[in-house]
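Notes for the one structure printed next.
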There are 2 protein chains.
Amino acid sequence: MSLKIKYADGSIGEIADENAALEVYRHSISHLMAAAVNKLFPGTHLGIGPAISDGFYYDFERPEGFAEEDLAKIENKMREIAAQGLLYEPSMMSKDEAIAYFQGQGEHLKVELIREKAGERLSCYRLGSLVDFCLGPHLYSTEQIHPESFHVLSIAGSYWRGDEHNQQLQRIYGTAFLTPEALSEYLKQIEEAKKRDHRKLGKDLDLFSISEEAGPGLAFWHPKGTRVRLIIEDFLRKELYRRGYEFVTTPHVARDVLWRTSGHYDYYRQNMYVFNIDDDEFVIKPMNCPGHIQIYKSHMRSYRDLPIRYAEFGTVYRYEKSGVLHGMLRVRGFTQDDGHIFCTRDQVYGEISDTMDLVLFIMQNFGFDQYKVELSVRDESKKGDYAGTEEDWRLAEEALTEALRSRGIGWKRMEGEAVFYGPKIDVKLIDAIGRPWQLSTIQFDFTLPKRFDLSYVASDGLAHQPVMVHRALLGSIERFLGVLIEHYAGAFPIWLAPVQAVIIPISERHHEYARQVMRRLVGADLRVEIDGRNEKMGFKIREAQNQKIPYMLIVGDKESQSGEVSVRNRFLGDEGSQPLGGFLGKIEEFIKSRAVRP
Amino acid sequence: MSLKIKYADGSIGEIADENAALEVYRHSISHLMAAAVNKLFPGTHLGIGPAISDGFYYDFERPEGFAEEDLAKIENKMREIAAQGLLYEPSMMSKDEAIAYFQGQGEHLKVELIREKAGERLSCYRLGSLVDFCLGPHLYSTEQIHPESFHVLSIAGSYWRGDEHNQQLQRIYGTAFLTPEALSEYLKQIEEAKKRDHRKLGKDLDLFSISEEAGPGLAFWHPKGTRVRLIIEDFLRKELYRRGYEFVTTPHVARDVLWRTSGHYDYYRQNMYVFNIDDDEFVIKPMNCPGHIQIYKSHMRSYRDLPIRYAEFGTVYRYEKSGVLHGMLRVRGFTQDDGHIFCTRDQVYGEISDTMDLVLFIMQNFGFDQYKVELSVRDESKKGDYAGTEEDWRLAEEALTEALRSRGIGWKRMEGEAVFYGPKIDVKLIDAIGRPWQLSTIQFDFTLPKRFDLSYVASDGLAHQPVMVHRALLGSIERFLGVLIEHYAGAFPIWLAPVQAVIIPISERHHEYARQVMRRLVGADLRVEIDGRNEKMGFKIREAQNQKIPYMLIVGDKESQSGEVSVRNRFLGDEGSQPLGGFLGKIEEFIKSRAVRP
C-alpha cells in the first residue's frame with residue numbers, strides 16, 4: 001500500500017514507507033482537527049500541529065480553554081469535514097504576503113513563526129477555510145482519511161514553544177493509524193496501559209507516594225513498596241556477591257573537585273544540585289562513578305587484584321524539569337543498581353560476557369522473556385570526536401558484539417549513537433503489552449580512567465591504565481518497580497509480592513486457628529496477613545483480589561479441625577482444602593523457582 | 001584526702017570533692033607548664049590555660065612553633081620548678097595596673113582579655129617569675145605536686161579564642177592526676193586506645209576511608225567495611241521485621257516546607273544543607289522524622305492500625321565544623337538505624353518496654369555486656385518551658401522508668417536534661433577498655449504530632465493525636481562501626497568479620513585442594529579467601545593475624561590426602577588438623593550463636 005501525497009510545490013507523489021506514510025497521514029489529520037476547531041470555536045488561534053510518535057497534536061490559543069466533552073464534538077466535526085472530500089491545497093507565497101494574510105486572520109503566533117523564517121518564499125496549505133503555514137507534504141484529499149482511523153484523545157496545557165515564560169496554550173492530542181484496525185488495536189493497548197498505570201496501582205496497592213509538598217520527583221517508598229525493593233536488592237546483592245562483585249558505599253555528597261575531574265561539572269552542571277559547605281562547593285551526586293573511583297584509588301593496585309568489580313545501590317539526584325517527571329519512571333532521585341568493572345585489556349571479553357549472562361539471568365528471574373538489544377557504536381566518519389584509542393574501540397566493540405553473537409542474541413547496530421567516551425549495549429525489555437522499557441546498560445568508558453589517572457602495576461612491573469566499564473542491570477530501582485507494576489498489572493510473582501497470602505477466618509471463633517496458621521507461615525519466612533475484620537467473606541475476597549495478593553486462605557470449622565486451609569488462588573480461583581504443610585511446601589517451591597504465576 | 005588551696009583574695013581553703021580538687025590541681029599544673037615554657041622559650045607569649053575533662057592545656061603564641069622533642073624538655077623543666085616549692089601567690093590589682101603590667105611584658109593577648117573584663121579590680125597569680133591573669137583558686141604550693149603525677153602529651157595548632165580568623169597559637173596538652181598511680185592508669189588506657197584507634201585500624205584493615213579531597217566527614221565504605229555494614233543491617237532488619245516494624249525508604253532531599261513545619265528550619269538551620277531547585281528551597285535531610293511522618297499521613301489511620309512502627313537505615317547529612325570531625329565517630333553524613341513509633345496512649349508502655357528489650361538484645365548480640373543508662377527528665381521548676389501536657393510527661397516518664405525498673409536496670413536520673421519536646425532514655429555502652437559510647441536513644445516527641453497535625457480515628461469515632469517516639473538502637477552505623485573497631489581492636493566476632501577464614505596452601509601443588517576447601521566453605525555462605533601468593537608461611541600467617549582474620553586454614557600434603565584442614569585460631573593459636581566438615585560445623589555454630597570469641 002502506498003499513500004498519494006501532495007508536495008508544497010504542487011507536485012503529486014507517493015510514499016511507500018509505512019512510517020513516513022503514517023507521519024504524513026497524522027500531520028494531515030492534525031490540520032483536519034484545526035479546521036474542525038476553527039469551525040466549532042471561532043476566534044481560536046493556531047499554534048503548531050505536528051505528528052508525534054504515537055499520534056499528533058495541535059496547540060490552540062483559547063483563553064477559555066476546552067471542555068472534556070468538546071473532544072467528541074471535534075472528532076465528529078472532523079468526520080463531517082473529511083466527508084466533504086476537501087483537497088490539501090499548497091501554495092507558495094512571499095514572506096510579506098504570508099505575514100499580511102495571517103495578520104489579517106489574527107494568527108499572531110503564525111506571524112511570529114513566519115517572521116523568523118529564512119528565505120523570501122514559503123509554503124502554506126489550505127484545507128477548506130483553514131490556511132496553515134506548513135512545509136508539507138500532505139495527503140492529496142480528505143477522501144483518503146478513513147472516518148474510523150483517527151481519535152481525539154485528550155487536552156493538556158502547554159506553553160508556546162514549550163517555554164513556561166510564554167503564554168499558555170491548549171494542546172489537543174489525537175491519534176491516527178493507516179487502518180481502522182490498527183487504531184482499534186492501539187486504543188485497546190492504551191486502555192490496557194491505563195489499567196496498569198503504576199501511579200494508580202502504586203497508590204491502590206500502597207507501594208509508594210510522591211507529593212508536590214515534599215517535592216516533585218522524590219519518591220517515598222511505603223512499607224509494601226519497600227518490601228518489594230528489599231527483595232529485589234537482596235536477590236541482586238546475593239547474586240552479585242556470588243559472581244565476584246564487592247559492594248561499596250559512597251556518600252551522597254562530595255566536593256565539586258570530583259565532578260570537575262570527571263568532567264561532569266563542565267557538561268552536566270545544569271542537571272546537578274550544588275551547595276556550599278563553609279567556603280567550598282559540594283555536589284549531591286548525580287552518579288556513583290567518581291565515588292567508586294575514589295575507592296579504587298585508595299590503594300596501589302596490581303594486575304593480580306584485577307578485575308575489580310564494585311557494586312552499590314547508589315541513590316543519585318539529577319535535575320529534571322517538573323513537566324517531564326512521571327511517577328516512578330522519571331524522577332529526580334533514584335537508586336541505580338550501579339556497578340563498575342576495572343580490568344585489564346585481556347579481561348575485557350570475559351567481563352562483558354559475564355555481564356551479558358547476568359543481564360539474561362536477571363530478565364529471566366523477573367519473568368521477562370522478550371527484549372531487544374541495541375549496540376551503539378561510533379560514527380566511523382568522525383573518529384576524531386571520540387575519546388580512546390582505535391585499539392580500545394575495536395576491542396570494546398568486538399567484546400560487545402561477540403557477547404551477543406555467541407549467545408544468539410539479535411541486536412540493532414546504532415551507528416554514531418555511542419557517546420564520545422565509549423560504545424555500549426542497551427537492553428530494552430518488552431512488557432506484557434508490548435511496550436519497550438530501557439533496562440540494562442553496559443557502557444565502556446575510555447575517559448574516566450585517564451581523567452582520574454587510574455593505574456595498576458602490570459606483570460611487567462610498569463603502571464598501566466585499566467579499562468573501565470559502567471553497567472546497571474535494572475537501571476534504577478524506582479523505574480524498575482514502575483516497570484514491574486505495569487508489566488504485572490500490580491500482581492507480582494509470589495517471590496516479589498509484598499503480601500503473599502492473606503488468611504481469612506470465617507468467623508470470630510476461627511481467629512485462634514488463623515493465628516496458628518499465620519505463625520507457621522511466618523515461621524517459614526512467608527509474608528502473611530490476617531483479615532480479621534468484621535466484614536462479609538465476599539468483601540474480603542474481593543479486597544484481597546484488588547490488593548493482588550496471590551493466595552487467600554479461608555479457615556473455618558472444617559479447616560481448624562483438620563489442620564487444613566481452603567486455598568483460593570487469585571489467578572486460578574478455588575483450589576480446595578489442603579493440609580497446611582502441603583500448601584506451605586508448594587508455595588515455597590513457587591518462591592524458590594521465582595515462578596511468575598502460581 | 002583533701003587539697004589545700006589558695007583563693008584569689010589570699011585566703012586558704014580545702015577541697016574535699018575529688019573532681020573539684022582535680023580541676024584545681026590540673027589548672028595549677030597548667031600554670032607550672034607556662035612557667036616552664038617561659039623559662040625555656042623566652043619571648044613566647046601567653047594565651048589561656050584551663051583544666052579540661054582529661055587534663056589541661058595552655059595556648060602559646062610562638063610563631064616558630066614547638067618541636068615534638070620540646071615536650072620532654074618542658075616536662076623536665078616543670079619538675080625542676082615544682083621541686084623549688086614555689087607558692088601560688090594571688091594578688092588583686094586595678095584594671096589599669098594589670099594592663100600596664102602585661103603590656104610591659106608584651107602579653108597583648110592577656111591585655112585584650114583584661115580590657116574586656118568588667119569591674120575595676122581583678123586577680124592575678126604569680127608562680128616564680130610567671131604572673132598570670134587568673135581567677136584561681138590554685139594550689140598553695142608546687143610542693144603539693146607529685147613529680148610523677150603529670151605528663152606533657154602533645155602539641156596542636158589552635159586559634160586565639162577558637163576563631164579561625166584570629167592568629168594561630170600553639171596548644172600544648174598535658175594531663176595530671178592526684179596520684180601517680182591514677183596517671184599511670186590513664187596513660188596505659190590512652191596507649192591501649194591508640195592501638196584501637198578506628199581510624200588507623202580502618203585503614204589497616206581496609207574498611208573505609210575519608211579524604212579531604214572528596215570532603216571532610218564523608219565516609220567511603222570499602223568492600224570489607226561494606227560487608228560488615230551489610231551484616232549489621234541485615235541482622236537488624238530481620239529482627240525489626242520479626243518485632244513488627246515495617247521498613248520504609250524516604251528521599252535524601254525534600255522541600256523546605258517539611259523543615260519549616262517540623263521547626264528544624266528555625267532552630268537547626270545552621271546545621272542543615274540547603275539548596276535550590278528552580279525557585280524553591282530544598283534541604284538535604286538532617287533527620288528522617290518528617291519523611292516517616294509523610295508516609296504516616298498518606299492515609300487516614302484508625303486505632304486498629306496502631307501501633308505503626310517505621311524503620312529506615314536513613315542516611316542524613318548535618319553540618320559540623322571541620323575541626324570537630326573525627327574518623328567515623330563524628331562525621332557530616334551518617335546512616336541512622338532510625339525508627340518512629342506512632343501509638344495510642346494505651347500502647348505507650350508496651351512499646352517502650354519492647355524497645356528496651358530490643359536495646360538489650362542488640363547489646364548482647366554485639367558482645368557488649370556493660371552499659372549505663374541515663375533518664376533525662378524535665379526541670380520541674382520550669383514546666384512552662386516544655387511542650388506536651390502534664391499527663392503526657394507523666395505517662396512517658398513512668399513508661400521509661402518502669403521499662404528500666406522491671407528489668408532491674410539501674411539508671412541515672414538527669415533532672416532538667418530532657419529536651420523541650422519530651423523525656424528520653426540514653427544507653428551508653430562501656431567498651432573493652434572502659435570508655436563509654438552513646439548507643440541507643442528512646443525519645444518521646446510531643447511536638448511533631450501537633451506540628452504535622454497527625455491523627456488517628458479512635459474507637460470513639462473521633463480524631464485523636466497519636467504519641468510519637470523516636471528511637472535509634474545503634475545510633476549511627478558509621479559511629480557504631482567505629483565503636484566496634486575500637487571495642488574489638490579490629491578483631492570482629494566471626495559473624496561480623498569481613499573475612500572469616502583464609503586458606504593458606506603450603507605450596508603450589510596444594511592450590512587445587514585449597515580451591516576445593518574454598519568452594520565448600522563459600523557454598524556454606526562463609527566469607528573465605530585463599531592466600532596463594534608466593535610468600536613464606538610465617539609471613540602469610542603474620543599478615544592474616546594483622547588482618548584479624550579469625551581462622552587460618554593451612555593445607556598441605558597431609559590435609560589434601562585426608563580431606564582435612566590444619567586450623568590456626570587467631571586468638572588460641574594452633575588447633576591441629578580437623579576434618580573439613582567438622583571445622584565447618586563448629587564455625588557455623590560460632591556464627592549462629594554470634595559468639596564474641598571462637
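Labels used: A, B, ... for chains in the order of the C-alpha cells, numbers from 1 for residues in each chain, and numbers from 1 for ligands as shown.
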
With 8 Å as the limit and counting only C-alpha atoms, what residues in chain B lie close to chain A? Please list them as number ranges by chain. B: 209, 213-215, 218-223, 225-227, 246-251, 253-255, 257-258, 273-277, 291, 295, 298, 310, 319, 333

Please produce a file of those selected residues containing N, CA, C and O atoms, as a compact mmCIF listing (two decimals), in the first residue's frame.
```
# COMPACT_ATOMS: atom_id res chain seq x y z
N SER B 209 37.51 4.82 54.09
CA SER B 209 38.41 5.96 54.02
C SER B 209 37.60 7.25 54.01
O SER B 209 36.43 7.26 53.63
N GLU B 213 40.01 15.45 49.94
CA GLU B 213 39.66 15.75 48.55
C GLU B 213 38.16 15.59 48.28
O GLU B 213 37.52 16.45 47.69
N ALA B 214 37.61 14.45 48.75
CA ALA B 214 36.18 14.21 48.49
C ALA B 214 35.32 15.00 49.46
O ALA B 214 34.15 15.25 49.19
N GLY B 215 35.90 15.39 50.59
CA GLY B 215 35.14 16.18 51.54
C GLY B 215 35.30 15.64 52.95
O GLY B 215 35.07 14.45 53.17
N LEU B 218 32.98 12.75 55.23
CA LEU B 218 32.15 11.95 54.32
C LEU B 218 32.84 10.61 54.09
O LEU B 218 33.92 10.55 53.51
N ALA B 219 32.21 9.55 54.57
CA ALA B 219 32.87 8.25 54.59
C ALA B 219 32.66 7.47 53.30
O ALA B 219 31.56 7.41 52.77
N PHE B 220 33.73 6.86 52.81
CA PHE B 220 33.66 5.88 51.72
C PHE B 220 33.88 4.51 52.35
O PHE B 220 34.93 4.25 52.92
N TRP B 221 32.89 3.68 52.27
CA TRP B 221 32.97 2.33 52.83
C TRP B 221 33.56 1.42 51.77
O TRP B 221 32.95 1.20 50.72
N HIS B 222 34.72 0.85 52.06
CA HIS B 222 35.37 -0.07 51.13
C HIS B 222 34.66 -1.43 51.20
O HIS B 222 33.79 -1.63 52.04
N PRO B 223 35.05 -2.36 50.30
CA PRO B 223 34.34 -3.64 50.28
C PRO B 223 34.26 -4.32 51.65
O PRO B 223 33.19 -4.79 52.04
N GLY B 225 34.51 -2.99 54.71
CA GLY B 225 33.65 -2.23 55.61
C GLY B 225 32.19 -2.42 55.25
O GLY B 225 31.33 -2.57 56.12
N THR B 226 31.92 -2.43 53.95
CA THR B 226 30.53 -2.59 53.50
C THR B 226 30.00 -3.97 53.88
O THR B 226 28.84 -4.12 54.24
N ARG B 227 30.89 -4.99 53.82
CA ARG B 227 30.47 -6.33 54.28
C ARG B 227 29.96 -6.26 55.72
O ARG B 227 28.89 -6.76 56.04
N GLU B 246 7.94 -2.04 60.17
CA GLU B 246 7.85 -2.03 58.72
C GLU B 246 8.92 -1.08 58.21
O GLU B 246 9.07 0.02 58.76
N PHE B 247 9.65 -1.49 57.19
CA PHE B 247 10.68 -0.61 56.64
C PHE B 247 10.09 0.32 55.58
O PHE B 247 9.18 -0.07 54.84
N VAL B 248 10.60 1.52 55.57
CA VAL B 248 10.21 2.50 54.56
C VAL B 248 11.49 3.10 53.98
O VAL B 248 12.59 2.89 54.51
N THR B 249 11.36 3.81 52.87
CA THR B 249 12.51 4.45 52.25
C THR B 249 12.11 5.87 51.88
O THR B 249 11.12 6.06 51.16
N THR B 250 12.84 6.83 52.37
CA THR B 250 12.47 8.22 52.11
C THR B 250 13.65 8.95 51.44
O THR B 250 14.80 8.58 51.66
N PRO B 251 13.34 9.94 50.62
CA PRO B 251 14.40 10.59 49.84
C PRO B 251 15.35 11.42 50.72
O PRO B 251 14.98 11.83 51.81
N VAL B 253 16.50 14.29 49.94
CA VAL B 253 16.22 15.72 49.84
C VAL B 253 14.71 15.92 49.82
O VAL B 253 13.97 15.05 49.37
N ALA B 254 14.28 17.04 50.35
CA ALA B 254 12.86 17.38 50.33
C ALA B 254 12.74 18.89 50.48
O ALA B 254 13.67 19.58 50.90
N ARG B 255 11.60 19.36 50.11
CA ARG B 255 11.31 20.79 50.15
C ARG B 255 11.47 21.36 51.56
O ARG B 255 11.20 20.67 52.54
N VAL B 257 9.57 23.16 53.14
CA VAL B 257 8.32 23.27 53.89
C VAL B 257 8.22 22.19 54.97
O VAL B 257 7.72 22.42 56.07
N LEU B 258 8.77 21.00 54.69
CA LEU B 258 8.77 19.94 55.69
C LEU B 258 9.54 20.37 56.94
O LEU B 258 9.17 20.04 58.06
N TYR B 273 21.97 21.54 55.23
CA TYR B 273 22.45 21.91 53.90
C TYR B 273 21.24 22.24 53.04
O TYR B 273 20.37 21.40 52.85
N VAL B 274 21.22 23.44 52.54
CA VAL B 274 20.06 23.93 51.80
C VAL B 274 20.48 24.28 50.37
O VAL B 274 21.59 24.77 50.17
N PHE B 275 19.64 23.98 49.39
CA PHE B 275 19.95 24.35 48.01
C PHE B 275 18.64 24.64 47.28
O PHE B 275 17.56 24.50 47.87
N ASN B 276 18.75 25.06 46.04
CA ASN B 276 17.55 25.42 45.31
C ASN B 276 17.29 24.50 44.12
O ASN B 276 18.23 24.03 43.48
N ILE B 277 16.01 24.22 43.88
CA ILE B 277 15.60 23.62 42.61
C ILE B 277 14.58 24.59 42.03
O ILE B 277 13.60 24.93 42.70
N GLY B 291 10.07 12.59 56.94
CA GLY B 291 9.80 11.63 55.88
C GLY B 291 8.85 10.53 56.36
O GLY B 291 7.91 10.16 55.65
N ILE B 295 4.72 9.52 55.27
CA ILE B 295 4.12 8.21 54.97
C ILE B 295 2.94 7.93 55.92
O ILE B 295 1.89 7.47 55.48
N SER B 298 -0.02 9.65 54.63
CA SER B 298 -0.50 9.33 53.29
C SER B 298 -1.86 8.64 53.31
O SER B 298 -2.49 8.47 52.28
N TYR B 310 7.74 2.45 62.00
CA TYR B 310 8.51 2.59 60.76
C TYR B 310 10.00 2.55 61.07
O TYR B 310 10.45 3.17 62.02
N TYR B 319 25.66 19.64 59.15
CA TYR B 319 26.89 20.42 59.17
C TYR B 319 27.57 20.30 60.53
O TYR B 319 26.94 20.44 61.58
N GLY B 333 28.04 13.02 57.30
CA GLY B 333 26.98 12.21 56.70
C GLY B 333 26.96 10.87 57.42
O GLY B 333 28.01 10.24 57.53
```

Let's see if you can do this: from backbone DSSP, list all alpha helix (DSSP H) residues in range 247-379 of chain A, as a PDB file with C-alpha atoms, in the first residue's frame.
```
ATOM      1  CA  ASP A 256      32.988  19.773  43.418  1.00  0.00           C
ATOM      2  CA  VAL A 257      36.568  18.748  42.614  1.00  0.00           C
ATOM      3  CA  LEU A 258      35.452  15.160  41.941  1.00  0.00           C
ATOM      4  CA  TRP A 259      32.989  16.433  39.360  1.00  0.00           C
ATOM      5  CA  ARG A 260      35.472  18.833  37.884  1.00  0.00           C
ATOM      6  CA  THR A 261      37.919  15.970  37.436  1.00  0.00           C
ATOM      7  CA  SER A 262      35.260  13.690  35.960  1.00  0.00           C
ATOM      8  CA  HIS A 264      30.547  16.435  34.745  1.00  0.00           C
ATOM      9  CA  TYR A 265      30.932  19.909  36.149  1.00  0.00           C
ATOM     10  CA  ASP A 266      31.542  21.183  32.634  1.00  0.00           C
ATOM     11  CA  TYR A 267      28.990  19.327  30.574  1.00  0.00           C
ATOM     12  CA  CYS A 289      31.380   6.582  39.327  1.00  0.00           C
ATOM     13  CA  PRO A 290      33.673   9.140  40.981  1.00  0.00           C
ATOM     14  CA  GLY A 291      32.913   7.552  44.363  1.00  0.00           C
ATOM     15  CA  HIS A 292      33.873   4.091  43.165  1.00  0.00           C
ATOM     16  CA  ILE A 293      36.978   5.552  41.596  1.00  0.00           C
ATOM     17  CA  GLN A 294      37.916   7.097  44.950  1.00  0.00           C
ATOM     18  CA  ILE A 295      37.887   3.619  46.469  1.00  0.00           C
ATOM     19  CA  TYR A 296      39.837   2.134  43.572  1.00  0.00           C
ATOM     20  CA  VAL A 348      37.564  -7.268  28.759  1.00  0.00           C
ATOM     21  CA  TYR A 349      35.874 -10.040  26.822  1.00  0.00           C
ATOM     22  CA  GLY A 350      35.354 -12.247  29.868  1.00  0.00           C
ATOM     23  CA  GLU A 351      33.861  -9.378  31.828  1.00  0.00           C
ATOM     24  CA  ILE A 352      31.455  -8.305  29.100  1.00  0.00           C
ATOM     25  CA  SER A 353      30.470 -11.894  28.544  1.00  0.00           C
ATOM     26  CA  ASP A 354      29.775 -12.438  32.255  1.00  0.00           C
ATOM     27  CA  THR A 355      27.809  -9.202  32.400  1.00  0.00           C
ATOM     28  CA  MET A 356      25.655 -10.319  29.488  1.00  0.00           C
ATOM     29  CA  ASP A 357      24.948 -13.579  31.338  1.00  0.00           C
ATOM     30  CA  LEU A 358      23.940 -11.567  34.338  1.00  0.00           C
ATOM     31  CA  VAL A 359      21.550  -9.452  32.264  1.00  0.00           C
ATOM     32  CA  LEU A 360      19.880 -12.597  30.915  1.00  0.00           C
ATOM     33  CA  PHE A 361      19.740 -14.114  34.393  1.00  0.00           C
ATOM     34  CA  ILE A 362      18.034 -11.002  35.751  1.00  0.00           C
ATOM     35  CA  MET A 363      15.461 -10.839  32.974  1.00  0.00           C
ATOM     36  CA  GLN A 364      14.649 -14.495  33.313  1.00  0.00           C
ATOM     37  CA  ASN A 365      14.216 -14.299  37.076  1.00  0.00           C
TER      38      ASN A 365
END
```

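Separating CA of Ala387 in chain A from CA of Asn288 in chain A is a distance of 20.7 Å.
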
With a distance cut-off of 7 Å and only C-alpha atoms, select the neighbouring residues of Ile172 in chain A, excluding the residue or stretch itself and same-chain residues fewer than 2 positions from it, and output the selection as a ChimeraX atom specification. /A:57-59,154-156,170,174

Suppose we keep C-alpha atoms; can you now write the selection as a PDB file, in the first residue's frame?
```
ATOM      1  CA  TYR A  57      -1.424  17.262  18.483  1.00  0.00           C
ATOM      2  CA  TYR A  58      -2.378  20.815  17.762  1.00  0.00           C
ATOM      3  CA  ASP A  59      -1.772  23.759  20.111  1.00  0.00           C
ATOM      4  CA  SER A 154      -7.179  14.479  25.399  1.00  0.00           C
ATOM      5  CA  ILE A 155      -6.494  18.100  26.264  1.00  0.00           C
ATOM      6  CA  ALA A 156      -3.474  19.353  28.187  1.00  0.00           C
ATOM      7  CA  GLN A 170      -4.397  24.331  24.911  1.00  0.00           C
ATOM      8  CA  GLY A 174      -5.213  12.807  18.923  1.00  0.00           C
TER       9      GLY A 174
END
```

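Our summary of the geometry notes that CA of Arg568 in chain A is positioned 14.7 Å from CA of Glu529 in chain A.
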
Step one, run DSSP on the backbone; step two, keep only residues of range 7-221 of chain A assigned to strand (DSSP E); then write them as a VMD selection string. chain A and resid 12 to 15 45 to 46 51 to 52 55 to 61 89 to 94 121 to 127 130 to 133 138 to 139 150 to 159 168 to 176 208 to 210 219 to 221
